[in-house]
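In what follows, a structure is listed as structure tokens, so that the remarks can point back to it.
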Amino acid sequence: MTIRSTVGTRKLRHRPLAGTGGRTAAIFLSPFFVLFVLAMVAPVIYAIGMSLFAERRNGLGFGGAVVEFVGLGNYVDVLSSETFVAGFGRLALYCILYIPALLAVALLFALLLDAAVAKAKRVFQLLLFLPHAVPGVIAALIWAYLYTPGVSPFVSALESGGIQIDFLSLQMVLPSMVNIAVWEWAGYNVIILFTALQAVPREVLEAARVDGASEIRTALSIKTPLIAPALGVALLFTVIGSLQLFTEPKILSTATTAVTSTWVPNMWAYDAAFNRNNLPQAAAASIILAVLAGALSWVVTRFTSKERTR
């Protein structure tokens, strides 16, 4: 009895105390949360506070500027701006073209990669992901060069074949931006979908082949439904990224007059902050975009979760 009790006592001594694991996790996670608060939460709170004030000048402008609390006045002014609202219309058209095109291209290449031979998979993964490794500004500059008549070898080749296309015209500039974004982000989403395809049980695919299903039928009727959660994640990231459209139109605005300084809401906020020196209105526009992104993210998450539960 004495030996058993001694062994039990030793086991109790070596057993970790309740709550130690939680404290350890908190210690390791604290750097992340500190950086998250400083880099994400604090700027949002500062922007909200700034959006509630405005600078007013006294008299004829010789009395200096006075900061006044205006409440939601900046939000009303931003939403009353015709250029800001028109930017949302262009952004909506961009999303209608960009989101289906990107997901379709990413899914197609992911399915082709999954069906490719083992030796070629990594080569094609690298080739597809390389455009995403190029910074967005550099990618937009490259495509702006390829779109510009007179200097672009691509446009010159089309003209030599009798095809006249002005990629920077008022009618074509939006599809041109969609092409840039798809070229840049397709590889990133291919990796997400291809990783999900690798987790599909091989037994299910073998059973489909035994039943006589073709590769196309297997891809559309079996593989695609099984990676629906990954498609939902890609859709969520794509929607959020679409609302942040700025780099492509900003770069193309230097090459064409079809893109103005307030072409999309992000450019409107940039123009308000750095061209019109109206930081409170820029902050209000940013908060409106953040709220819209959060609302759309919630809608996409609920929609994809309902589809998975069916």
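To be explicit about the labels: the chains of the structure tokens are called A, B, and onward in the order shown, and within each one the residues are counted from 1, while ligands get numbers from 1 in the order they are shown.
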
At most 12 Å is the cut-off: for each residue in range 112-142 of chain A with any atom that close to an atom of range 213-232 of chain A, write down the nearest atom pair and the distance in Å rounded to one decimal, counting only C-alpha atoms, chain first then increasing number, as CSV.
residue,atom,partner,partner_atom,distance
A:Leu112,CA,A:Ala219,CA,9.3
A:Leu113,CA,A:Ala219,CA,11.5
A:Asp114,CA,A:Ala219,CA,9.5
A:Ala115,CA,A:Glu215,CA,8.4
A:Ala116,CA,A:Glu215,CA,11.6

Using only C-alpha atoms, tabulate the residues of range 209-309 of chain A lying at most 10 Å from any atom of range 138-152 of chain A, each with its closest atom pair and that distance in Å to one decimal, by chain and increasing residue number, as a Markdown table.
| residue | atom | partner | partner_atom | distance |
| --- | --- | --- | --- | --- |
| A:Thr247 | CA | A:Ala140 | CA | 7.2 |
| A:Glu248 | CA | A:Ala140 | CA | 5.5 |
| A:Pro249 | CA | A:Ala140 | CA | 8.6 |
| A:Lys250 | CA | A:Ala140 | CA | 9.0 |
| A:Ile251 | CA | A:Ala140 | CA | 6.3 |
| A:Leu252 | CA | A:Ala144 | CA | 6.1 |
| A:Ser253 | CA | A:Ala144 | CA | 9.6 |
| A:Thr254 | CA | A:Ala144 | CA | 9.0 |
| A:Ala255 | CA | A:Ala144 | CA | 7.0 |
| A:Thr256 | CA | A:Thr148 | CA | 8.8 |

Export N, CA and C atoms of the chosen residues as a short mmCIF file (atom, residue, chain, number, x, y, z; two decimals), in the first residue's frame?
data_model
loop_
_atom_site.label_atom_id
_atom_site.label_comp_id
_atom_site.auth_asym_id
_atom_site.auth_seq_id
_atom_site.Cartn_x
_atom_site.Cartn_y
_atom_site.Cartn_z
N THR A 247 -4.96 49.36 -57.42
CA THR A 247 -3.68 49.39 -58.14
C THR A 247 -3.88 49.44 -59.65
N GLU A 248 -4.71 48.53 -60.18
CA GLU A 248 -4.88 48.45 -61.63
C GLU A 248 -5.44 49.74 -62.23
N PRO A 249 -6.57 50.28 -61.71
CA PRO A 249 -7.06 51.53 -62.30
C PRO A 249 -6.13 52.72 -62.06
N LYS A 250 -5.42 52.71 -60.93
CA LYS A 250 -4.50 53.82 -60.65
C LYS A 250 -3.36 53.85 -61.66
N ILE A 251 -2.81 52.69 -61.99
CA ILE A 251 -1.73 52.64 -62.97
C ILE A 251 -2.25 52.94 -64.37
N LEU A 252 -3.40 52.37 -64.73
CA LEU A 252 -3.94 52.60 -66.06
C LEU A 252 -4.41 54.04 -66.26
N SER A 253 -4.69 54.75 -65.17
CA SER A 253 -5.12 56.14 -65.30
C SER A 253 -4.02 57.02 -65.86
N THR A 254 -2.77 56.56 -65.77
CA THR A 254 -1.66 57.32 -66.34
C THR A 254 -1.50 57.06 -67.84
N ALA A 255 -2.20 56.04 -68.35
CA ALA A 255 -2.07 55.69 -69.76
C ALA A 255 -3.31 55.98 -70.57
N THR A 256 -4.43 56.29 -69.91
CA THR A 256 -5.68 56.54 -70.62
C THR A 256 -6.52 57.55 -69.85
#

Could you check how far CA of Met50 in chain A sits from CA of Ala272 in chain A, in Å to one decimal?
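Value for the CA of Met50 in chain A-CA of Ala272 in chain A distance: 13.6 Å.
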
Looking only at the backbone, which of the residues in range 61-151 of chain A does DSSP tag as helix (DSSP H, G or I), as a PDB file with N, CA and C atoms, in the first residue's frame?
ATOM      1  N   GLY A  73     -21.920  63.662 -40.513  1.00  0.00           N
ATOM      2  CA  GLY A  73     -21.947  64.601 -41.635  1.00  0.00           C
ATOM      3  C   GLY A  73     -21.028  64.191 -42.771  1.00  0.00           C
ATOM      4  N   ASN A  74     -19.824  63.688 -42.441  1.00  0.00           N
ATOM      5  CA  ASN A  74     -18.903  63.263 -43.494  1.00  0.00           C
ATOM      6  C   ASN A  74     -19.454  62.069 -44.265  1.00  0.00           C
ATOM      7  N   TYR A  75     -20.118  61.167 -43.564  1.00  0.00           N
ATOM      8  CA  TYR A  75     -20.714  60.004 -44.239  1.00  0.00           C
ATOM      9  C   TYR A  75     -21.819  60.441 -45.199  1.00  0.00           C
ATOM     10  N   VAL A  76     -22.598  61.429 -44.775  1.00  0.00           N
ATOM     11  CA  VAL A  76     -23.658  61.945 -45.648  1.00  0.00           C
ATOM     12  C   VAL A  76     -23.045  62.609 -46.878  1.00  0.00           C
ATOM     13  N   ASP A  77     -21.982  63.381 -46.672  1.00  0.00           N
ATOM     14  CA  ASP A  77     -21.329  64.047 -47.805  1.00  0.00           C
ATOM     15  C   ASP A  77     -20.729  63.029 -48.781  1.00  0.00           C
ATOM     16  N   VAL A  78     -20.119  61.977 -48.243  1.00  0.00           N
ATOM     17  CA  VAL A  78     -19.503  60.967 -49.109  1.00  0.00           C
ATOM     18  C   VAL A  78     -20.564  60.235 -49.914  1.00  0.00           C
ATOM     19  N   LEU A  79     -21.630  59.796 -49.257  1.00  0.00           N
ATOM     20  CA  LEU A  79     -22.676  59.060 -49.951  1.00  0.00           C
ATOM     21  C   LEU A  79     -23.488  59.962 -50.888  1.00  0.00           C
ATOM     22  N   SER A  80     -23.406  61.279 -50.680  1.00  0.00           N
ATOM     23  CA  SER A  80     -24.088  62.209 -51.578  1.00  0.00           C
ATOM     24  C   SER A  80     -23.247  62.573 -52.792  1.00  0.00           C
ATOM     25  N   GLU A  82     -21.693  62.224 -56.239  1.00  0.00           N
ATOM     26  CA  GLU A  82     -22.026  61.470 -57.449  1.00  0.00           C
ATOM     27  C   GLU A  82     -20.850  60.634 -57.930  1.00  0.00           C
ATOM     28  N   THR A  83     -19.633  61.158 -57.798  1.00  0.00           N
ATOM     29  CA  THR A  83     -18.462  60.412 -58.246  1.00  0.00           C
ATOM     30  C   THR A  83     -18.215  59.179 -57.375  1.00  0.00           C
ATOM     31  N   PHE A  84     -18.481  59.288 -56.079  1.00  0.00           N
ATOM     32  CA  PHE A  84     -18.300  58.148 -55.175  1.00  0.00           C
ATOM     33  C   PHE A  84     -19.316  57.064 -55.493  1.00  0.00           C
ATOM     34  N   VAL A  85     -20.572  57.430 -55.672  1.00  0.00           N
ATOM     35  CA  VAL A  85     -21.617  56.447 -55.993  1.00  0.00           C
ATOM     36  C   VAL A  85     -21.367  55.830 -57.366  1.00  0.00           C
ATOM     37  N   ALA A  86     -20.939  56.655 -58.334  1.00  0.00           N
ATOM     38  CA  ALA A  86     -20.626  56.119 -59.665  1.00  0.00           C
ATOM     39  C   ALA A  86     -19.474  55.122 -59.593  1.00  0.00           C
ATOM     40  N   GLY A  87     -18.547  55.347 -58.685  1.00  0.00           N
ATOM     41  CA  GLY A  87     -17.446  54.405 -58.504  1.00  0.00           C
ATOM     42  C   GLY A  87     -17.940  53.042 -58.043  1.00  0.00           C
ATOM     43  N   PHE A  88     -18.976  53.021 -57.218  1.00  0.00           N
ATOM     44  CA  PHE A  88     -19.560  51.748 -56.792  1.00  0.00           C
ATOM     45  C   PHE A  88     -20.212  51.025 -57.967  1.00  0.00           C
ATOM     46  N   GLY A  89     -20.792  51.781 -58.890  1.00  0.00           N
ATOM     47  CA  GLY A  89     -21.368  51.153 -60.077  1.00  0.00           C
ATOM     48  C   GLY A  89     -20.291  50.477 -60.922  1.00  0.00           C
ATOM     49  N   ARG A  90     -19.163  51.155 -61.126  1.00  0.00           N
ATOM     50  CA  ARG A  90     -18.064  50.548 -61.876  1.00  0.00           C
ATOM     51  C   ARG A  90     -17.490  49.346 -61.124  1.00  0.00           C
ATOM     52  N   LEU A  91     -17.409  49.466 -59.806  1.00  0.00           N
ATOM     53  CA  LEU A  91     -16.904  48.356 -59.004  1.00  0.00           C
ATOM     54  C   LEU A  91     -17.822  47.145 -59.100  1.00  0.00           C
ATOM     55  N   ALA A  92     -19.127  47.380 -59.138  1.00  0.00           N
ATOM     56  CA  ALA A  92     -20.083  46.273 -59.278  1.00  0.00           C
ATOM     57  C   ALA A  92     -19.916  45.571 -60.626  1.00  0.00           C
ATOM     58  N   LEU A  93     -19.741  46.357 -61.691  1.00  0.00           N
ATOM     59  CA  LEU A  93     -19.500  45.752 -63.008  1.00  0.00           C
ATOM     60  C   LEU A  93     -18.201  44.960 -63.018  1.00  0.00           C
ATOM     61  N   TYR A  94     -17.196  45.493 -62.359  1.00  0.00           N
ATOM     62  CA  TYR A  94     -15.921  44.786 -62.266  1.00  0.00           C
ATOM     63  C   TYR A  94     -16.104  43.446 -61.555  1.00  0.00           C
ATOM     64  N   CYS A  95     -16.843  43.435 -60.453  1.00  0.00           N
ATOM     65  CA  CYS A  95     -17.073  42.188 -59.709  1.00  0.00           C
ATOM     66  C   CYS A  95     -17.856  41.179 -60.540  1.00  0.00           C
ATOM     67  N   ILE A  96     -18.846  41.659 -61.306  1.00  0.00           N
ATOM     68  CA  ILE A  96     -19.654  40.761 -62.140  1.00  0.00           C
ATOM     69  C   ILE A  96     -18.787  40.054 -63.175  1.00  0.00           C
ATOM     70  N   LEU A  97     -17.799  40.767 -63.711  1.00  0.00           N
ATOM     71  CA  LEU A  97     -16.911  40.165 -64.699  1.00  0.00           C
ATOM     72  C   LEU A  97     -15.777  39.379 -64.054  1.00  0.00           C
ATOM     73  N   TYR A  98     -15.217  39.924 -63.005  1.00  0.00           N
ATOM     74  CA  TYR A  98     -13.981  39.375 -62.445  1.00  0.00           C
ATOM     75  C   TYR A  98     -14.198  38.105 -61.631  1.00  0.00           C
ATOM     76  N   ILE A  99     -15.166  38.094 -60.737  1.00  0.00           N
ATOM     77  CA  ILE A  99     -15.319  36.966 -59.813  1.00  0.00           C
ATOM     78  C   ILE A  99     -15.624  35.661 -60.549  1.00  0.00           C
ATOM     79  N   PRO A 100     -16.638  35.612 -61.445  1.00  0.00           N
ATOM     80  CA  PRO A 100     -16.863  34.351 -62.167  1.00  0.00           C
ATOM     81  C   PRO A 100     -15.680  33.940 -63.039  1.00  0.00           C
ATOM     82  N   ALA A 101     -15.043  34.924 -63.695  1.00  0.00           N
ATOM     83  CA  ALA A 101     -13.910  34.593 -64.571  1.00  0.00           C
ATOM     84  C   ALA A 101     -12.757  34.004 -63.766  1.00  0.00           C
ATOM     85  N   LEU A 102     -12.432  34.611 -62.638  1.00  0.00           N
ATOM     86  CA  LEU A 102     -11.316  34.129 -61.835  1.00  0.00           C
ATOM     87  C   LEU A 102     -11.586  32.729 -61.303  1.00  0.00           C
ATOM     88  N   LEU A 103     -12.780  32.509 -60.730  1.00  0.00           N
ATOM     89  CA  LEU A 103     -13.084  31.198 -60.156  1.00  0.00           C
ATOM     90  C   LEU A 103     -13.144  30.124 -61.239  1.00  0.00           C
ATOM     91  N   ALA A 104     -13.681  30.469 -62.408  1.00  0.00           N
ATOM     92  CA  ALA A 104     -13.752  29.490 -63.500  1.00  0.00           C
ATOM     93  C   ALA A 104     -12.353  29.107 -63.980  1.00  0.00           C
ATOM     94  N   VAL A 105     -11.480  30.105 -64.158  1.00  0.00           N
ATOM     95  CA  VAL A 105     -10.114  29.823 -64.613  1.00  0.00           C
ATOM     96  C   VAL A 105      -9.355  29.025 -63.556  1.00  0.00           C
ATOM     97  N   ALA A 106      -9.496  29.418 -62.289  1.00  0.00           N
ATOM     98  CA  ALA A 106      -8.794  28.711 -61.218  1.00  0.00           C
ATOM     99  C   ALA A 106      -9.265  27.267 -61.095  1.00  0.00           C
ATOM    100  N   LEU A 107     -10.575  27.059 -61.188  1.00  0.00           N
ATOM    101  CA  LEU A 107     -11.104  25.699 -61.090  1.00  0.00           C
ATOM    102  C   LEU A 107     -10.657  24.851 -62.273  1.00  0.00           C
ATOM    103  N   LEU A 108     -10.666  25.428 -63.468  1.00  0.00           N
ATOM    104  CA  LEU A 108     -10.244  24.689 -64.654  1.00  0.00           C
ATOM    105  C   LEU A 108      -8.789  24.239 -64.533  1.00  0.00           C
ATOM    106  N   PHE A 109      -7.904  25.152 -64.157  1.00  0.00           N
ATOM    107  CA  PHE A 109      -6.495  24.783 -64.040  1.00  0.00           C
ATOM    108  C   PHE A 109      -6.254  23.816 -62.885  1.00  0.00           C
ATOM    109  N   ALA A 110      -7.008  23.970 -61.791  1.00  0.00           N
ATOM    110  CA  ALA A 110      -6.852  23.035 -60.678  1.00  0.00           C
ATOM    111  C   ALA A 110      -7.267  21.620 -61.084  1.00  0.00           C
ATOM    112  N   LEU A 111      -8.352  21.504 -61.827  1.00  0.00           N
ATOM    113  CA  LEU A 111      -8.788  20.194 -62.298  1.00  0.00           C
ATOM    114  C   LEU A 111      -7.789  19.600 -63.291  1.00  0.00           C
ATOM    115  N   LEU A 112      -7.227  20.445 -64.156  1.00  0.00           N
ATOM    116  CA  LEU A 112      -6.219  19.960 -65.096  1.00  0.00           C
ATOM    117  C   LEU A 112      -4.951  19.511 -64.366  1.00  0.00           C
ATOM    118  N   LEU A 113      -4.563  20.253 -63.331  1.00  0.00           N
ATOM    119  CA  LEU A 113      -3.406  19.847 -62.547  1.00  0.00           C
ATOM    120  C   LEU A 113      -3.651  18.522 -61.843  1.00  0.00           C
ATOM    121  N   ASP A 114      -4.855  18.343 -61.328  1.00  0.00           N
ATOM    122  CA  ASP A 114      -5.179  17.107 -60.620  1.00  0.00           C
ATOM    123  C   ASP A 114      -5.174  15.908 -61.559  1.00  0.00           C
ATOM    124  N   ALA A 115      -5.462  16.146 -62.834  1.00  0.00           N
ATOM    125  CA  ALA A 115      -5.476  15.055 -63.807  1.00  0.00           C
ATOM    126  C   ALA A 115      -4.134  14.861 -64.499  1.00  0.00           C
ATOM    127  N   ALA A 118       2.281  12.974 -62.544  1.00  0.00           N
ATOM    128  CA  ALA A 118       2.913  13.418 -61.302  1.00  0.00           C
ATOM    129  C   ALA A 118       4.107  14.331 -61.549  1.00  0.00           C
ATOM    130  N   LYS A 119       4.929  14.047 -62.573  1.00  0.00           N
ATOM    131  CA  LYS A 119       6.125  14.829 -62.803  1.00  0.00           C
ATOM    132  C   LYS A 119       5.815  16.243 -63.280  1.00  0.00           C
ATOM    133  N   ALA A 120       4.692  16.411 -63.950  1.00  0.00           N
ATOM    134  CA  ALA A 120       4.379  17.728 -64.509  1.00  0.00           C
ATOM    135  C   ALA A 120       3.628  18.619 -63.531  1.00  0.00           C
ATOM    136  N   LYS A 121       3.099  18.073 -62.452  1.00  0.00           N
ATOM    137  CA  LYS A 121       2.260  18.865 -61.554  1.00  0.00           C
ATOM    138  C   LYS A 121       3.025  20.028 -60.937  1.00  0.00           C
ATOM    139  N   ARG A 122       4.204  19.764 -60.410  1.00  0.00           N
ATOM    140  CA  ARG A 122       4.942  20.821 -59.721  1.00  0.00           C
ATOM    141  C   ARG A 122       5.404  21.898 -60.684  1.00  0.00           C
ATOM    142  N   VAL A 123       5.753  21.501 -61.897  1.00  0.00           N
ATOM    143  CA  VAL A 123       6.168  22.491 -62.896  1.00  0.00           C
ATOM    144  C   VAL A 123       5.018  23.434 -63.226  1.00  0.00           C
ATOM    145  N   PHE A 124       3.834  22.875 -63.464  1.00  0.00           N
ATOM    146  CA  PHE A 124       2.675  23.706 -63.783  1.00  0.00           C
ATOM    147  C   PHE A 124       2.237  24.536 -62.582  1.00  0.00           C
ATOM    148  N   GLN A 125       2.352  24.001 -61.367  1.00  0.00           N
ATOM    149  CA  GLN A 125       2.031  24.788 -60.175  1.00  0.00           C
ATOM    150  C   GLN A 125       2.921  26.022 -60.099  1.00  0.00           C
ATOM    151  N   LEU A 126       4.218  25.837 -60.343  1.00  0.00           N
ATOM    152  CA  LEU A 126       5.151  26.960 -60.293  1.00  0.00           C
ATOM    153  C   LEU A 126       4.831  27.984 -61.370  1.00  0.00           C
ATOM    154  N   LEU A 127       4.547  27.520 -62.589  1.00  0.00           N
ATOM    155  CA  LEU A 127       4.254  28.438 -63.684  1.00  0.00           C
ATOM    156  C   LEU A 127       2.980  29.230 -63.427  1.00  0.00           C
ATOM    157  N   LEU A 128       1.982  28.577 -62.836  1.00  0.00           N
ATOM    158  CA  LEU A 128       0.721  29.263 -62.553  1.00  0.00           C
ATOM    159  C   LEU A 128       0.849  30.241 -61.396  1.00  0.00           C
ATOM    160  N   PHE A 129       1.727  29.926 -60.440  1.00  0.00           N
ATOM    161  CA  PHE A 129       1.849  30.771 -59.257  1.00  0.00           C
ATOM    162  C   PHE A 129       2.792  31.947 -59.478  1.00  0.00           C
ATOM    163  N   LEU A 130       3.654  31.869 -60.479  1.00  0.00           N
ATOM    164  CA  LEU A 130       4.631  32.934 -60.716  1.00  0.00           C
ATOM    165  C   LEU A 130       4.001  34.312 -60.900  1.00  0.00           C
ATOM    166  N   PRO A 131       2.908  34.461 -61.680  1.00  0.00           N
ATOM    167  CA  PRO A 131       2.308  35.804 -61.795  1.00  0.00           C
ATOM    168  C   PRO A 131       1.897  36.404 -60.459  1.00  0.00           C
ATOM    169  N   HIS A 132       1.466  35.561 -59.502  1.00  0.00           N
ATOM    170  CA  HIS A 132       1.075  36.074 -58.194  1.00  0.00           C
ATOM    171  C   HIS A 132       2.284  36.588 -57.420  1.00  0.00           C
ATOM    172  N   ALA A 133       3.464  36.056 -57.728  1.00  0.00           N
ATOM    173  CA  ALA A 133       4.683  36.510 -57.052  1.00  0.00           C
ATOM    174  C   ALA A 133       5.121  37.883 -57.522  1.00  0.00           C
ATOM    175  N   GLY A 136       1.781  43.759 -57.434  1.00  0.00           N
ATOM    176  CA  GLY A 136       0.650  44.263 -58.200  1.00  0.00           C
ATOM    177  C   GLY A 136       0.981  45.481 -59.045  1.00  0.00           C
ATOM    178  N   VAL A 137       1.804  46.380 -58.512  1.00  0.00           N
ATOM    179  CA  VAL A 137       2.167  47.583 -59.271  1.00  0.00           C
ATOM    180  C   VAL A 137       2.965  47.203 -60.514  1.00  0.00           C
ATOM    181  N   ILE A 138       3.913  46.282 -60.351  1.00  0.00           N
ATOM    182  CA  ILE A 138       4.731  45.852 -61.487  1.00  0.00           C
ATOM    183  C   ILE A 138       3.863  45.157 -62.533  1.00  0.00           C
ATOM    184  N   ALA A 139       2.929  44.306 -62.069  1.00  0.00           N
ATOM    185  CA  ALA A 139       2.039  43.619 -63.011  1.00  0.00           C
ATOM    186  C   ALA A 139       1.197  44.618 -63.800  1.00  0.00           C
ATOM    187  N   ALA A 140       0.658  45.625 -63.097  1.00  0.00           N
ATOM    188  CA  ALA A 140      -0.152  46.628 -63.787  1.00  0.00           C
ATOM    189  C   ALA A 140       0.682  47.429 -64.782  1.00  0.00           C
ATOM    190  N   LEU A 141       1.928  47.735 -64.429  1.00  0.00           N
ATOM    191  CA  LEU A 141       2.801  48.465 -65.353  1.00  0.00           C
ATOM    192  C   LEU A 141       3.118  47.628 -66.594  1.00  0.00           C
ATOM    193  N   ILE A 142       3.345  46.333 -66.394  1.00  0.00           N
ATOM    194  CA  ILE A 142       3.626  45.446 -67.531  1.00  0.00           C
ATOM    195  C   ILE A 142       2.441  45.415 -68.487  1.00  0.00           C
ATOM    196  N   TRP A 143       1.246  45.247 -67.931  1.00  0.00           N
ATOM    197  CA  TRP A 143       0.064  45.171 -68.783  1.00  0.00           C
ATOM    198  C   TRP A 143      -0.283  46.521 -69.397  1.00  0.00           C
ATOM    199  N   ALA A 144      -0.014  47.612 -68.684  1.00  0.00           N
ATOM    200  CA  ALA A 144      -0.227  48.937 -69.280  1.00  0.00           C
ATOM    201  C   ALA A 144       0.659  49.110 -70.504  1.00  0.00           C
ATOM    202  N   TYR A 145       1.883  48.599 -70.433  1.00  0.00           N
ATOM    203  CA  TYR A 145       2.768  48.629 -71.599  1.00  0.00           C
ATOM    204  C   TYR A 145       2.214  47.761 -72.730  1.00  0.00           C
ATOM    205  N   LEU A 146       1.698  46.581 -72.386  1.00  0.00           N
ATOM    206  CA  LEU A 146       1.160  45.687 -73.414  1.00  0.00           C
ATOM    207  C   LEU A 146      -0.144  46.206 -74.017  1.00  0.00           C
ATOM    208  N   TYR A 147      -0.837  47.082 -73.309  1.00  0.00           N
ATOM    209  CA  TYR A 147      -2.096  47.632 -73.804  1.00  0.00           C
ATOM    210  C   TYR A 147      -1.904  48.906 -74.639  1.00  0.00           C
TER     211      TYR A 147
END

Choose the residue, out of A:Leu245, A:Thr257, A:Asp166, A:Met267, that has the smallest atom-to-atom separation from Ile180 in chain A; count only C-alpha atoms.
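The answer is A:Leu245, which sits nearest to Ile180 in chain A.
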
Would you compute the distance between CA of Asp271 in chain A and CA of Thr238 in chain A? Give it in Å to one decimal.
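Computing the Euclidean distance for CA of Asp271 in chain A and CA of Thr238 in chain A yields 24.8 Å.
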
Would you mind reading off the distance between CA of Leu289 in chain A and CA of Leu243 in chain A, one decimal, in Å?
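So the two atoms, CA of Leu289 in chain A and CA of Leu243 in chain A, lie 7.4 Å apart.
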
Got a sec: who's within 10 Å of Ala293 in chain A, counting only C-alpha atoms, leaving out chain neighbours fewer than 6 positions off, as a JSON list (two decimals) with N, CA and C atoms, in the first residue's frame?
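out.json written:
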[["chain", "number", "residue", "atom", "x", "y", "z"],
["A", 236, "LEU", "N", -14.79, 33.93, -51.02],
["A", 236, "LEU", "CA", -14.72, 34.93, -49.97],
["A", 236, "LEU", "C", -13.50, 35.84, -50.17],
["A", 239, "VAL", "N", -14.06, 38.15, -53.25],
["A", 239, "VAL", "CA", -14.99, 39.26, -53.00],
["A", 239, "VAL", "C", -14.31, 40.37, -52.22],
["A", 240, "ILE", "N", -13.59, 40.00, -51.16],
["A", 240, "ILE", "CA", -12.89, 41.00, -50.36],
["A", 240, "ILE", "C", -11.83, 41.72, -51.20],
["A", 241, "GLY", "N", -11.09, 40.96, -52.00],
["A", 241, "GLY", "CA", -10.08, 41.57, -52.85],
["A", 241, "GLY", "C", -10.65, 42.49, -53.91],
["A", 242, "SER", "N", -11.84, 42.14, -54.42],
["A", 242, "SER", "CA", -12.47, 42.96, -55.44],
["A", 242, "SER", "C", -12.83, 44.35, -54.90],
["A", 243, "LEU", "N", -13.28, 44.40, -53.66],
["A", 243, "LEU", "CA", -13.65, 45.69, -53.07],
["A", 243, "LEU", "C", -12.43, 46.57, -52.83],
["A", 244, "GLN", "N", -11.23, 45.98, -52.82],
["A", 244, "GLN", "CA", -10.01, 46.74, -52.61],
["A", 244, "GLN", "C", -9.36, 47.18, -53.92],
["A", 287, "ILE", "N", -14.28, 53.72, -44.08],
["A", 287, "ILE", "CA", -15.15, 52.98, -43.16],
["A", 287, "ILE", "C", -16.35, 52.42, -43.90],
["A", 299, "VAL", "N", -22.43, 37.60, -45.93],
["A", 299, "VAL", "CA", -23.38, 37.01, -46.88],
["A", 299, "VAL", "C", -22.76, 35.80, -47.59]]
